[in-house]
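First up is the structure itself, then whatever we jot down about it.
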Amino acid sequence: MEPIDVIEGDVSFLDRSDVDTDQIIPKQFLKRVERTGFGEFLFYDWIKDGEIELSPNPILVAGPNFGSGSSREHAVWALQQFGFDCVIAPSFSDIFYSNCTKNGFLPIVLSEDECRQVAEAGEARIELDNQTVACDGGKFLFQIDGEIKRRLLGGLDDIALTLGELDSIERFEDGPGGTRGPVTTAVD
Amino acid sequence: MAMTMFEKIWEAHEVRENLIYIDLHLVHEVTSPQAFEGLRMSGRALRRPDKTVATADHNVPTDGTPAANLIADALSRKQVELLEANAEEFGVPVFSLGSGSQGIVHVIGPELGLTQPGMTIVCGDSHTSTHGAFGALAFGIGTSEVEHVMATQTLVQKRPKTMRIDYQGTLAPGVTSKDLILATIGRLGTAGMNGHAVEYAGEAIRALTMEQRMTICNMTIEGGGKAGMIAPDDTTFEYMRGRPGVPEDFDVRVEEWRQLVTDEGASFDDEVEIDASALSPMVTWGTTPGMVVQVTDSVPDPAVMESPVEREAAERALAYMGLSPGTPMTEIRPERVFIGSCTNSRISDLREAASAIRGRSVHPEVRAMVVPGSAKVKSQAEEEGLDEIFQSAGFEWRGAGCSMCLGMNPDILMEGERCASTSNRNFEGRQGKGGRTHLMSPTMATAAAIEGHFVDIREWE
Ligand code: SF4
């Protein structure tokens with residue numbers, strides 16, 4: 001994962017609410033077994049039908065409840081591979097938000113009004129360390145979980161970090177926690 | 001201290017703060033290839049194959065294709081074959097095409113007795129919330145997290161907020177658990193449960209069977225929730241008894257599982273009360289599950305909506321759906337009917353649908369299909385003769401899989417086709433580009449297939 005610090009540049013605006021993952025990356029493109037090659041299919045139906053136009057700027061601003069629907073991480077890969085580095089919206093679906101953070105793609109929550117100002121300004125500078133979005137309309141603070149921020153700033157790999165704590169996982173498994181649940185290999 | 005069911009399960013799984021242990025990891029062909037590839041590239045093993053199980057469901061054809069290497073679509077074939085190869089390489093049990101235990105991942109977990117109270121369950125699929133019906137904490141994760149669970153059997157997670165929805169009274173005749181959850185999402189909105197672990201409680205919930213409870217927990221994600229949960233009780237234990245995956249000391253475990261209920265006086269971040277006895281059969285009119293009305297209502301008029309965002313969304317939805325405001329829902333005519341998906345494709349759903357047919361036939365202008373949720377549901381239904389009831393009425397009887405719920409296999413709607421569907425999502429293009437989906441219960445979908453228009457099941461003889 002690439003570390004994030006400052007994101008700066010032009011803004012693309014998708015003025016719609018409840019944009020779901022089926023729109024972000026339609027299902028016919030989920031058959032790829034690689035992590036790459038999704039960028040060209042971003043919003044495939046909407047762009048092909050001329051419903052929307054989007055430029056691959058560093059910053060995307062969208063309406064509330066962005067990324068609703070499925071857990072498909074392909075949606076984040078598509079946004080990233082299309083050229084965006086972050087997405088700003090009044091709210092996100094929960095799994096989508098988390099998927100963003102696992103890929104070094106910054107999701108930022110600002111109020112509807114602030115989102116609109118960033119979109120109108122057309123360019124902005126985002127500093128993750130200070131948790132600010134600065135544009136012609138003003139400078140806005142955003143909230144982000146401290147641990148998530150640390151991992152994004154450092155570009156840290158979650159799996160390597162957790163494997164560093166293998167002792168505690170093994171200790172957990174040796175306790176009562178290890179006896180819960182089925183043995184899948186014994187079922188057929 | 002008084003604790004909620006969620007808190008009891010969460011705390012029993014904390015390896016440390018924000019790192020929880022996972023008891024069961026369900027894997028399917030669409031969200032796993034990149035995760036397996038990640039393990040391979042970093043030279044990591046899959047830590048606990050004995051807590052992992054894989055099935056092929058999203059992509060598989062439902063026309064009776066018996067094995068992965070015979071799937072006609074090249075990309076689907078590759079995904080399913082890769083699932084089998086990955087499972088073999090990493091030692092994970094797999095139920096692929098042709099296996100008697102294959103099926104939609106959220107149908108086979110409970111069916112095999114793998115889904116048990118008090119567990120943490122994850123899957124790279126948002127409808128993992130289904131398993132919460134057993135008093136488990138179950139939720140969907142993305143592919144990076146799938147890889148994390150594969151490598152560590154844990155998940156980095158912040159503790160979600162909690163919510164309880166308390167349903168008073170019981171459902172009226174003709175009103176199903178599907179209607180209950182659609183009405184709830186209609187009331188709270190598609191972000192109303194945002195990120196919460198939601199406990200469904202109250203008299204109406206206690207009165208439901210396990211399969212009906214699964215329908216409710218399944219659609220938690222449509223209300224924006226993270227996980228849906230229902231406290232385990234005798235209904236739960238009787239459903240589980242004798243299934244292959246349940247523990248040998250079943251009765252001892254049952255006594256432990258009884259302790260999982262929310263204590264008197266425990267508090268939630270949010271509480272909502274809904275009068276279940278006042279609910280009616282529901283049908284969606286738009287392109288989110290929250291765009292829903294009673295079947296006795298008409299298509300709403302965007303012009304009278306107060307919020308501009310809501311008005312604009314409704315206008316777009318009506319244009320897409322090809323509907324005009326004021327049209328009675330019962331005058332809407334579908335060309336297609338789909339009975340299936342992890343929401344409503346279990347044996348009881350098929351029994352209800354079949355028993356509603358009573359000698360009648362599918363309307364000549366409708367094409368209707370029934371897709372059992374699993375190979376086991378299919379063979380059970382065939383033993384009971386349901387396949388014949390469906391087929392002689394003109395329904396197509398298919399093999400098990402996700403099928404037209406998301407149309408990744410050849411079962412899709414054509415541009416502009418309208419479908420009465422028992423699935424959970426009516427997003428634009430969900431069932432095929434330009435397809436128009438109306439969500440409803442299995443009996444309502446059956447009635448729509450026969451009459452050629454939506455009907456109020458309570459009035460339907
Ligand atoms: S049936 Fe539909 S909602 Fe359920 S897992 Fe399959 S695609 Fe997803």
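Lettering and numbering for the structure tokens are positional, with chains as A, B, ... in the shown order, residues counted from 1 in each chain, and ligands counted from 1 in the shown order.
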Alpha helix (DSSP H) per DSSP on the backbone: members of segment 21-161 of chain A, as a VMD selection string:
chain A and resid 21 to 24 44 to 48 74 to 82 94 to 101 112 to 121 146 to 154 158 to 161
Neighbours of ligand 1 at 6 Å or closer, counting only C-alpha atoms and all ligand atoms: which residues, as a short mmCIF file (atom, residue, chain, number, x, y, z; two decimals) with all heavy atoms, in the first residue's frame?
```cif
data_model
loop_
_atom_site.label_atom_id
_atom_site.label_comp_id
_atom_site.auth_asym_id
_atom_site.auth_seq_id
_atom_site.Cartn_x
_atom_site.Cartn_y
_atom_site.Cartn_z
N HIS B 58 -22.05 -17.37 -7.13
CA HIS B 58 -22.42 -16.14 -7.85
C HIS B 58 -22.48 -16.31 -9.36
O HIS B 58 -23.29 -15.72 -10.04
CB HIS B 58 -21.43 -15.02 -7.49
CG HIS B 58 -21.71 -14.39 -6.16
ND1 HIS B 58 -21.61 -15.09 -4.98
CD2 HIS B 58 -22.10 -13.14 -5.82
CE1 HIS B 58 -21.93 -14.28 -3.97
NE2 HIS B 58 -22.23 -13.10 -4.47
N ILE B 104 -25.90 -21.22 -2.55
CA ILE B 104 -25.58 -19.85 -2.17
C ILE B 104 -24.94 -19.89 -0.78
O ILE B 104 -25.44 -20.56 0.13
CB ILE B 104 -26.84 -18.96 -2.14
CG1 ILE B 104 -27.57 -19.00 -3.48
CG2 ILE B 104 -26.46 -17.52 -1.80
CD1 ILE B 104 -28.90 -18.26 -3.49
N HIS B 127 -24.18 -9.81 2.17
CA HIS B 127 -25.35 -10.45 2.81
C HIS B 127 -24.99 -11.50 3.85
O HIS B 127 -25.83 -12.28 4.28
CB HIS B 127 -26.29 -10.99 1.73
CG HIS B 127 -26.94 -9.87 0.99
ND1 HIS B 127 -26.48 -9.43 -0.22
CD2 HIS B 127 -27.96 -9.07 1.34
CE1 HIS B 127 -27.20 -8.39 -0.60
NE2 HIS B 127 -28.11 -8.15 0.33
N SER B 341 -32.60 -16.36 -4.62
CA SER B 341 -31.64 -15.53 -3.89
C SER B 341 -31.53 -15.92 -2.42
O SER B 341 -32.40 -16.58 -1.87
CB SER B 341 -31.96 -14.04 -3.96
OG SER B 341 -32.81 -13.67 -2.89
N CYS B 342 -30.46 -15.43 -1.79
CA CYS B 342 -30.22 -15.77 -0.37
C CYS B 342 -31.27 -15.16 0.54
O CYS B 342 -31.30 -15.46 1.73
CB CYS B 342 -28.81 -15.33 0.04
SG CYS B 342 -28.49 -13.58 -0.18
N CYS B 402 -26.88 -18.06 -7.26
CA CYS B 402 -27.37 -16.69 -7.08
C CYS B 402 -28.24 -16.26 -8.26
O CYS B 402 -29.17 -15.48 -8.12
CB CYS B 402 -26.20 -15.73 -6.97
SG CYS B 402 -25.22 -15.99 -5.47
N CYS B 405 -30.48 -12.95 -9.19
CA CYS B 405 -30.36 -11.95 -8.13
C CYS B 405 -29.39 -10.87 -8.56
O CYS B 405 -29.61 -9.69 -8.32
CB CYS B 405 -29.90 -12.57 -6.82
SG CYS B 405 -29.54 -11.36 -5.56
N LEU B 406 -28.30 -11.28 -9.20
CA LEU B 406 -27.34 -10.27 -9.69
C LEU B 406 -26.93 -10.50 -11.13
O LEU B 406 -26.17 -9.72 -11.68
CB LEU B 406 -26.10 -10.18 -8.78
CG LEU B 406 -24.88 -11.06 -9.06
CD1 LEU B 406 -23.70 -10.57 -8.29
CD2 LEU B 406 -25.18 -12.48 -8.82
#
```
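By chain and then residue number, the residues within 6 Å of segment 153-166 of chain A are A:Met1, A:Glu2, A:Pro3, A:Ile4, A:Asp5, B:His148, counting only C-alpha atoms and disregarding those fewer than 6 positions away in sequence.
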Those selected residues, please, written with all heavy atoms and delivered as a PDB file, in the first residue's frame.
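The resulting file, out.pdb, is shown below:
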```
ATOM      1  N   MET A   1       0.837  -1.204   0.000  1.00  0.00           N
ATOM      2  CA  MET A   1       0.000   0.000   0.000  1.00  0.00           C
ATOM      3  C   MET A   1       0.870   1.252   0.000  1.00  0.00           C
ATOM      4  O   MET A   1       1.810   1.352   0.776  1.00  0.00           O
ATOM      5  CB  MET A   1      -0.872  -0.061   1.274  1.00  0.00           C
ATOM      6  CG  MET A   1      -2.024   0.848   1.293  1.00  0.00           C
ATOM      7  SD  MET A   1      -3.214   0.339   2.583  1.00  0.00           S
ATOM      8  CE  MET A   1      -2.793   1.455   3.916  1.00  0.00           C
ATOM      9  N   GLU A   2       0.544   2.193  -0.882  1.00  0.00           N
ATOM     10  CA  GLU A   2       1.321   3.439  -0.964  1.00  0.00           C
ATOM     11  C   GLU A   2       0.942   4.370   0.192  1.00  0.00           C
ATOM     12  O   GLU A   2      -0.233   4.564   0.457  1.00  0.00           O
ATOM     13  CB  GLU A   2       1.000   4.171  -2.282  1.00  0.00           C
ATOM     14  CG  GLU A   2       1.495   3.481  -3.529  1.00  0.00           C
ATOM     15  CD  GLU A   2       3.013   3.457  -3.585  1.00  0.00           C
ATOM     16  OE1 GLU A   2       3.628   4.512  -3.326  1.00  0.00           O
ATOM     17  OE2 GLU A   2       3.571   2.376  -3.873  1.00  0.00           O
ATOM     18  N   PRO A   3       1.916   4.970   0.861  1.00  0.00           N
ATOM     19  CA  PRO A   3       1.565   5.934   1.916  1.00  0.00           C
ATOM     20  C   PRO A   3       0.839   7.149   1.330  1.00  0.00           C
ATOM     21  O   PRO A   3       1.109   7.538   0.197  1.00  0.00           O
ATOM     22  CB  PRO A   3       2.920   6.360   2.486  1.00  0.00           C
ATOM     23  CG  PRO A   3       3.943   5.476   1.883  1.00  0.00           C
ATOM     24  CD  PRO A   3       3.362   4.819   0.670  1.00  0.00           C
ATOM     25  N   ILE A   4      -0.068   7.739   2.112  1.00  0.00           N
ATOM     26  CA  ILE A   4      -0.749   8.966   1.671  1.00  0.00           C
ATOM     27  C   ILE A   4      -0.321  10.084   2.610  1.00  0.00           C
ATOM     28  O   ILE A   4      -0.240   9.870   3.810  1.00  0.00           O
ATOM     29  CB  ILE A   4      -2.274   8.888   1.836  1.00  0.00           C
ATOM     30  CG1 ILE A   4      -2.839   7.597   1.284  1.00  0.00           C
ATOM     31  CG2 ILE A   4      -2.961  10.094   1.225  1.00  0.00           C
ATOM     32  CD1 ILE A   4      -4.340   7.490   1.477  1.00  0.00           C
ATOM     33  N   ASP A   5      -0.104  11.266   2.057  1.00  0.00           N
ATOM     34  CA  ASP A   5       0.116  12.409   2.942  1.00  0.00           C
ATOM     35  C   ASP A   5      -0.690  13.586   2.426  1.00  0.00           C
ATOM     36  O   ASP A   5      -1.727  13.923   2.967  1.00  0.00           O
ATOM     37  CB  ASP A   5       1.616  12.701   3.018  1.00  0.00           C
ATOM     38  CG  ASP A   5       1.906  13.831   3.972  1.00  0.00           C
ATOM     39  OD1 ASP A   5       0.998  14.161   4.758  1.00  0.00           O
ATOM     40  OD2 ASP A   5       3.023  14.378   3.932  1.00  0.00           O
TER      41      ASP A   5
ATOM     42  N   HIS B 148      -6.804 -11.003   4.853  1.00  0.00           N
ATOM     43  CA  HIS B 148      -6.360 -10.847   6.241  1.00  0.00           C
ATOM     44  C   HIS B 148      -6.880 -12.005   7.103  1.00  0.00           C
ATOM     45  O   HIS B 148      -6.142 -12.568   7.922  1.00  0.00           O
ATOM     46  CB  HIS B 148      -6.862  -9.502   6.781  1.00  0.00           C
ATOM     47  CG  HIS B 148      -6.279  -9.114   8.101  1.00  0.00           C
ATOM     48  ND1 HIS B 148      -6.752  -9.616   9.284  1.00  0.00           N
ATOM     49  CD2 HIS B 148      -5.248  -8.290   8.431  1.00  0.00           C
ATOM     50  CE1 HIS B 148      -6.035  -9.102  10.287  1.00  0.00           C
ATOM     51  NE2 HIS B 148      -5.120  -8.297   9.791  1.00  0.00           N
TER      52      HIS B 148
END
```
Within 6 Å of chain A, which residues belong to chain B? Use only C-alpha atoms and report them as a list in words.
Asp23, Pro33, Gln34, Asp50, Lys51, Leu75, Pro93, Leu114, Asp125, Ser126, Ile141, Gly142, Thr143, His148, Gly195 and Gly245 of chain B
Could you dump the residues just selected with all heavy atoms as a CSV table (one decimal), in the first residue's frame?
```csv
chain,number,residue,atom,x,y,z
B,23,ASP,N,-14.5,-17.1,13.8
B,23,ASP,CA,-14.8,-18.6,14.0
B,23,ASP,C,-15.1,-19.3,12.7
B,23,ASP,O,-14.9,-20.5,12.6
B,23,ASP,CB,-16.0,-18.8,14.9
B,23,ASP,CG,-15.7,-18.3,16.3
B,23,ASP,OD1,-14.6,-18.4,16.8
B,23,ASP,OD2,-16.6,-17.7,16.9
B,33,PRO,N,-10.4,-14.7,-5.5
B,33,PRO,CA,-9.2,-15.0,-6.3
B,33,PRO,C,-8.1,-14.0,-5.9
B,33,PRO,O,-6.9,-14.5,-5.7
B,33,PRO,CB,-9.7,-14.7,-7.7
B,33,PRO,CG,-11.1,-14.6,-7.7
B,33,PRO,CD,-11.6,-14.4,-6.3
B,34,GLN,N,-8.3,-12.7,-5.7
B,34,GLN,CA,-7.3,-11.8,-5.5
B,34,GLN,C,-6.7,-12.0,-4.1
B,34,GLN,O,-5.5,-11.7,-3.8
B,34,GLN,CB,-7.8,-10.4,-5.6
B,34,GLN,CG,-8.2,-10.0,-7.0
B,34,GLN,CD,-9.6,-10.3,-7.4
B,34,GLN,OE1,-10.3,-11.0,-6.6
B,34,GLN,NE2,-10.0,-9.9,-8.6
B,50,ASP,N,-9.6,-25.3,8.7
B,50,ASP,CA,-10.7,-26.0,9.4
B,50,ASP,C,-11.8,-25.1,9.9
B,50,ASP,O,-12.8,-25.5,10.4
B,50,ASP,CB,-10.1,-26.8,10.5
B,50,ASP,CG,-9.4,-26.0,11.5
B,50,ASP,OD1,-8.8,-24.9,11.1
B,50,ASP,OD2,-9.3,-26.3,12.7
B,51,LYS,N,-11.5,-23.8,9.7
B,51,LYS,CA,-12.5,-22.8,10.0
B,51,LYS,C,-13.0,-22.0,8.8
B,51,LYS,O,-13.5,-20.9,8.8
B,51,LYS,CB,-12.0,-21.8,11.1
B,51,LYS,CG,-11.8,-22.4,12.4
B,51,LYS,CD,-11.3,-21.4,13.4
B,51,LYS,CE,-11.0,-22.0,14.8
B,51,LYS,NZ,-12.2,-22.6,15.5
B,75,LEU,N,-15.1,-16.7,-18.8
B,75,LEU,CA,-14.6,-16.1,-17.5
B,75,LEU,C,-15.2,-16.7,-16.3
B,75,LEU,O,-14.5,-16.8,-15.3
B,75,LEU,CB,-15.0,-14.6,-17.6
B,75,LEU,CG,-14.2,-13.8,-18.6
B,75,LEU,CD1,-14.7,-12.3,-18.7
B,75,LEU,CD2,-12.7,-13.8,-18.3
B,93,PRO,N,-12.0,-26.9,2.5
B,93,PRO,CA,-13.1,-27.7,1.9
B,93,PRO,C,-13.9,-26.9,0.9
B,93,PRO,O,-14.2,-25.7,1.2
B,93,PRO,CB,-13.9,-28.1,3.1
B,93,PRO,CG,-13.4,-27.3,4.3
B,93,PRO,CD,-12.1,-26.8,3.9
B,114,LEU,N,-23.2,-25.2,10.0
B,114,LEU,CA,-21.9,-24.5,10.3
B,114,LEU,C,-22.1,-23.2,11.0
B,114,LEU,O,-21.3,-22.7,11.7
B,114,LEU,CB,-21.2,-24.2,8.9
B,114,LEU,CG,-20.8,-25.5,8.1
B,114,LEU,CD1,-20.2,-25.1,6.8
B,114,LEU,CD2,-19.8,-26.3,8.9
B,125,ASP,N,-18.9,-10.9,1.2
B,125,ASP,CA,-20.2,-10.7,0.6
B,125,ASP,C,-21.1,-10.0,1.6
B,125,ASP,O,-21.1,-10.4,2.7
B,125,ASP,CB,-20.8,-12.1,0.2
B,125,ASP,CG,-22.1,-11.9,-0.5
B,125,ASP,OD1,-23.1,-11.6,0.1
B,125,ASP,OD2,-22.1,-11.9,-1.8
B,126,SER,N,-21.7,-9.0,1.1
B,126,SER,CA,-22.4,-8.1,2.1
B,126,SER,C,-23.6,-8.8,2.8
B,126,SER,O,-24.0,-8.4,3.9
B,126,SER,CB,-22.9,-6.8,1.4
B,126,SER,OG,-23.7,-7.1,0.3
B,141,ILE,N,-17.2,-8.5,4.3
B,141,ILE,CA,-15.9,-7.9,4.3
B,141,ILE,C,-15.4,-7.8,2.8
B,141,ILE,O,-15.9,-8.5,2.0
B,141,ILE,CB,-14.9,-8.6,5.2
B,141,ILE,CG1,-14.7,-10.1,4.7
B,141,ILE,CG2,-15.2,-8.6,6.6
B,141,ILE,CD1,-13.7,-10.9,5.5
B,142,GLY,N,-14.4,-6.9,2.6
B,142,GLY,CA,-13.9,-6.8,1.3
B,142,GLY,C,-12.7,-7.8,1.1
B,142,GLY,O,-12.4,-8.5,2.0
B,143,THR,N,-12.2,-7.8,-0.2
B,143,THR,CA,-11.2,-8.8,-0.5
B,143,THR,C,-9.9,-8.7,0.3
B,143,THR,O,-9.3,-9.7,0.7
B,143,THR,CB,-10.9,-8.7,-2.0
B,143,THR,OG1,-12.1,-9.1,-2.7
B,143,THR,CG2,-9.9,-9.7,-2.4
B,148,HIS,N,-6.8,-11.0,4.9
B,148,HIS,CA,-6.4,-10.8,6.2
B,148,HIS,C,-6.9,-12.0,7.1
B,148,HIS,O,-6.1,-12.6,7.9
B,148,HIS,CB,-6.9,-9.5,6.8
B,148,HIS,CG,-6.3,-9.1,8.1
B,148,HIS,ND1,-6.8,-9.6,9.3
B,148,HIS,CD2,-5.2,-8.3,8.4
B,148,HIS,CE1,-6.0,-9.1,10.3
B,148,HIS,NE2,-5.1,-8.3,9.8
B,195,GLY,N,-24.0,1.3,9.7
B,195,GLY,CA,-22.8,0.8,10.4
B,195,GLY,C,-23.1,0.1,11.7
B,195,GLY,O,-22.2,-0.4,12.4
B,245,GLY,N,-22.8,-30.1,10.8
B,245,GLY,CA,-21.7,-29.3,11.4
B,245,GLY,C,-21.9,-29.0,12.9
B,245,GLY,O,-21.0,-28.4,13.5
```
Give the strand (DSSP E) residues of segment 92-147 of chain A, as DSSP finds them on the backbone, and put them as number ranges by chain.
A: 106-109, 123-127, 132-135, 138-141
Residue with the minimum atom-to-atom distance to Arg367 of chain B, picked from B:Gly340, B:Gly124, B:Pro334, B:Gly290 with only C-alpha atoms counted, is B:Pro334
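For the residues B:Ile339, B:Ala420, B:Leu318, B:Ala231, ranking by smallest atom-to-atom distance to Trp257 of chain B using only C-alpha atoms places B:Ala231 first.
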Open item on the list: Could you list, as a PyMOL selection string, every residue within 6 Å of Glu123 of chain A, counting only C-alpha atoms and ignoring same-chain residues fewer than 6 positions away?
Closed with: chain A and resi 9-11
Quick one: everything within 6 Å of Gly224 of chain B, counting only C-alpha atoms, minus sequence neighbours fewer than 6 positions away in the same chain. Send it as number ranges by chain. B: 190-191, 193-194
Write the residues you've just listed into a file as a PDB file, in the first residue's frame, and include C-alpha atoms for each of them.
```pdb
ATOM      1  CA  THR B 190     -31.248   2.921   3.189  1.00  0.00           C
ATOM      2  CA  ALA B 191     -28.754   4.471   5.599  1.00  0.00           C
ATOM      3  CA  MET B 193     -29.024   1.532  10.367  1.00  0.00           C
ATOM      4  CA  ASN B 194     -25.690   2.915   9.162  1.00  0.00           C
TER       5      ASN B 194
END
```
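Using only C-alpha atoms, the smallest distance between any of A:Glu8, A:Trp46, A:Gln143, A:Gly39 and Gly434 of chain B comes from A:Trp46.
Going from atom CA of His13 of chain B to atom CA of Thr220 of chain B covers 22.1 Å.
Computed from the coordinates, the atom CA of Leu39 of chain B to atom CA of Val156 of chain B distance equals 17.5 Å.
Across the model, the gap from atom CA of Gly174 of chain B to atom CA of Thr343 of chain B is 17.7 Å.
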